[in-house]
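Participant: coords17.pdb is the file, holding PDB, C-alpha atoms:
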```pdb
ATOM      1  CA  MET A  33      -7.874 -14.969  16.185  1.00  0.00           C
ATOM      2  CA  LEU A  34      -6.600 -11.623  14.833  1.00  0.00           C
ATOM      3  CA  ARG A  35      -4.005 -11.437  17.589  1.00  0.00           C
ATOM      4  CA  LEU A  36      -2.764 -14.921  16.686  1.00  0.00           C
ATOM      5  CA  CYS A  37      -2.375 -13.893  13.042  1.00  0.00           C
ATOM      6  CA  GLN A  38      -0.518 -10.722  14.017  1.00  0.00           C
ATOM      7  CA  GLU A  39       1.892 -12.730  16.168  1.00  0.00           C
ATOM      8  CA  ALA A  40       2.470 -15.188  13.319  1.00  0.00           C
ATOM      9  CA  VAL A  41       3.211 -12.292  10.975  1.00  0.00           C
ATOM     10  CA  LYS A  42       5.681 -10.778  13.463  1.00  0.00           C
ATOM     11  CA  GLU A  43       7.430 -14.121  13.924  1.00  0.00           C
ATOM     12  CA  GLY A  44       7.579 -14.655  10.176  1.00  0.00           C
ATOM     13  CA  GLN A  45       9.001 -11.160   9.665  1.00  0.00           C
ATOM     14  CA  ALA A  46      11.644 -11.751  12.333  1.00  0.00           C
ATOM     15  CA  THR A  47      12.621 -15.059  10.716  1.00  0.00           C
ATOM     16  CA  LEU A  48      12.820 -13.390   7.322  1.00  0.00           C
ATOM     17  CA  ASP A  49      14.941 -10.533   8.717  1.00  0.00           C
ATOM     18  CA  LEU A  50      17.411 -13.021  10.216  1.00  0.00           C
ATOM     19  CA  ALA A  51      17.620 -14.943   6.934  1.00  0.00           C
ATOM     20  CA  ILE A  52      18.265 -11.692   5.048  1.00  0.00           C
ATOM     21  CA  LEU A  53      21.033 -10.669   7.453  1.00  0.00           C
ATOM     22  CA  LYS A  54      22.665 -14.081   7.122  1.00  0.00           C
ATOM     23  CA  LYS A  55      22.503 -13.951   3.338  1.00  0.00           C
ATOM     24  CA  TYR A  56      23.771 -10.361   3.274  1.00  0.00           C
ATOM     25  CA  SER A  57      26.868 -11.350   5.223  1.00  0.00           C
ATOM     26  CA  ASP A  58      27.544 -14.061   2.616  1.00  0.00           C
ATOM     27  CA  LEU A  59      27.437 -11.591  -0.285  1.00  0.00           C
ATOM     28  CA  SER A  60      30.585 -10.188  -1.818  1.00  0.00           C
ATOM     29  CA  LYS A  61      31.090  -6.511  -2.530  1.00  0.00           C
ATOM     30  CA  SER A  62      30.468  -7.244  -6.203  1.00  0.00           C
ATOM     31  CA  ASP A  63      27.133  -8.902  -5.382  1.00  0.00           C
ATOM     32  CA  VAL A  64      26.052  -5.908  -3.319  1.00  0.00           C
ATOM     33  CA  MET A  65      27.032  -3.499  -6.102  1.00  0.00           C
ATOM     34  CA  ASP A  66      25.065  -5.567  -8.606  1.00  0.00           C
ATOM     35  CA  ILE A  67      21.986  -5.549  -6.401  1.00  0.00           C
ATOM     36  CA  VAL A  68      22.143  -1.838  -5.642  1.00  0.00           C
ATOM     37  CA  LEU A  69      23.134  -0.582  -9.075  1.00  0.00           C
ATOM     38  CA  ASP A  70      21.360  -3.038 -11.312  1.00  0.00           C
ATOM     39  CA  ASP A  71      18.128  -3.542  -9.439  1.00  0.00           C
ATOM     40  CA  LYS A  72      17.693  -0.096  -7.948  1.00  0.00           C
ATOM     41  CA  TRP A  73      19.082   2.313 -10.522  1.00  0.00           C
ATOM     42  CA  ARG A  74      18.977   0.532 -13.878  1.00  0.00           C
ATOM     43  CA  ASP A  75      15.285   1.196 -14.496  1.00  0.00           C
ATOM     44  CA  ALA A  76      15.576   4.858 -13.509  1.00  0.00           C
ATOM     45  CA  VAL A  77      18.629   5.464 -15.686  1.00  0.00           C
ATOM     46  CA  CYS A  78      17.184   3.582 -18.671  1.00  0.00           C
ATOM     47  CA  GLY A  79      13.925   5.485 -18.329  1.00  0.00           C
ATOM     48  CA  ARG A  80      15.677   8.826 -18.343  1.00  0.00           C
ATOM     49  CA  VAL A  81      17.901   7.892 -21.278  1.00  0.00           C
ATOM     50  CA  ASN A  82      14.881   6.690 -23.277  1.00  0.00           C
ATOM     51  CA  SER A  83      13.022   9.885 -22.424  1.00  0.00           C
ATOM     52  CA  GLN A  84      15.945  11.996 -23.614  1.00  0.00           C
ATOM     53  CA  VAL A  85      16.283   9.994 -26.832  1.00  0.00           C
ATOM     54  CA  ASN A  86      12.554  10.385 -27.523  1.00  0.00           C
ATOM     55  CA  SER A  87      12.760  14.119 -26.882  1.00  0.00           C
ATOM     56  CA  LEU A  88      15.708  14.527 -29.228  1.00  0.00           C
ATOM     57  CA  THR A  89      14.000  12.411 -31.883  1.00  0.00           C
ATOM     58  CA  LEU A  90      10.873  14.559 -31.746  1.00  0.00           C
ATOM     59  CA  ALA A  91      12.961  17.738 -31.990  1.00  0.00           C
ATOM     60  CA  LEU A  92      14.822  16.325 -34.994  1.00  0.00           C
ATOM     61  CA  VAL A  93      11.575  15.357 -36.727  1.00  0.00           C
ATOM     62  CA  ALA A  94      10.181  18.856 -36.122  1.00  0.00           C
ATOM     63  CA  ARG A  95      13.325  20.426 -37.567  1.00  0.00           C
ATOM     64  CA  ILE A  96      13.225  18.183 -40.638  1.00  0.00           C
ATOM     65  CA  GLN A  97       9.574  19.106 -41.200  1.00  0.00           C
ATOM     66  CA  GLU A  98      10.443  22.781 -40.850  1.00  0.00           C
ATOM     67  CA  LEU A  99      13.219  22.438 -43.422  1.00  0.00           C
ATOM     68  CA  GLY A 100      10.925  20.448 -45.693  1.00  0.00           C
ATOM     69  CA  ASP A 101       8.344  23.223 -45.567  1.00  0.00           C
ATOM     70  CA  ARG A 102      10.978  25.885 -46.183  1.00  0.00           C
ATOM     71  CA  TYR A 103      12.465  24.176 -49.232  1.00  0.00           C
ATOM     72  CA  ALA A 104       9.304  22.519 -50.573  1.00  0.00           C
ATOM     73  CA  GLU A 105       9.318  24.595 -53.742  1.00  0.00           C
ATOM     74  CA  THR A 106      12.141  24.126 -56.218  1.00  0.00           C
ATOM     75  CA  LEU A 107      14.081  26.950 -57.824  1.00  0.00           C
ATOM     76  CA  GLY A 108      12.310  26.342 -61.135  1.00  0.00           C
ATOM     77  CA  VAL A 109       8.911  26.781 -59.517  1.00  0.00           C
ATOM     78  CA  LEU A 110      10.072  29.938 -57.750  1.00  0.00           C
ATOM     79  CA  ASP A 111      11.424  31.431 -61.026  1.00  0.00           C
ATOM     80  CA  THR A 112       8.105  30.934 -62.829  1.00  0.00           C
ATOM     81  CA  THR A 113       6.081  32.752 -60.149  1.00  0.00           C
TER      82      THR A 113
END
```
Any chance you could put this one into structure tokens?

Facilitator:
Amino acid sequence: MLRLCQEAVKEGQATLDLAILKKYSDLSKSDVMDIVLDDKWRDAVCGRVNSQVNSLTLALVARIQELGDRYAETLGVLDTT
């Protein structure tokens, strides 16, 4: 029974491989570029860009807090102390 299932899987894989090769030959260069660039790299690039934006945002918030702490007291308050 297991051997029969394994043979069916191999036949199905071979059929699928042939269908993929046929479809690949029908694709234009533009289609291939879309598949490779959009499907493969878009998520990685977007993830890295979002990570960089988040990092820069956190650094900016930290700097603003630092400046807020530095200039929290007004000149009038400083003159009276």

Participant: So what do you get for CA of Val93 (chain A) versus CA of Ala76 (chain A), distance-wise?

Facilitator: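 Spanning CA of Val93 (chain A) to CA of Ala76 (chain A) is a straight-line distance of 25.8 Å.
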
Participant: Box along x, y and z, 3 Å on every side, all listed atoms of region 57-71 of chain A inside: centre and edge lengths in Å to one decimal, as JSON.

Facilitator:
```
{"center_x": 24.6, "center_y": -7.3, "center_z": -3.0, "size_x": 19.0, "size_y": 19.5, "size_z": 22.5}
```

Participant: Between CA of Leu53 (chain A) and CA of Arg35 (chain A), what distance in Å does the model show, to one decimal?

Facilitator: 27.0 Å

Participant: For a test of reading the model, state the distance in Å between CA of Ala94 (chain A) and CA of Asp75 (chain A), rounded to one decimal.

Facilitator: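 Going from CA of Ala94 (chain A) over to CA of Asp75 (chain A), I get 28.4 Å.
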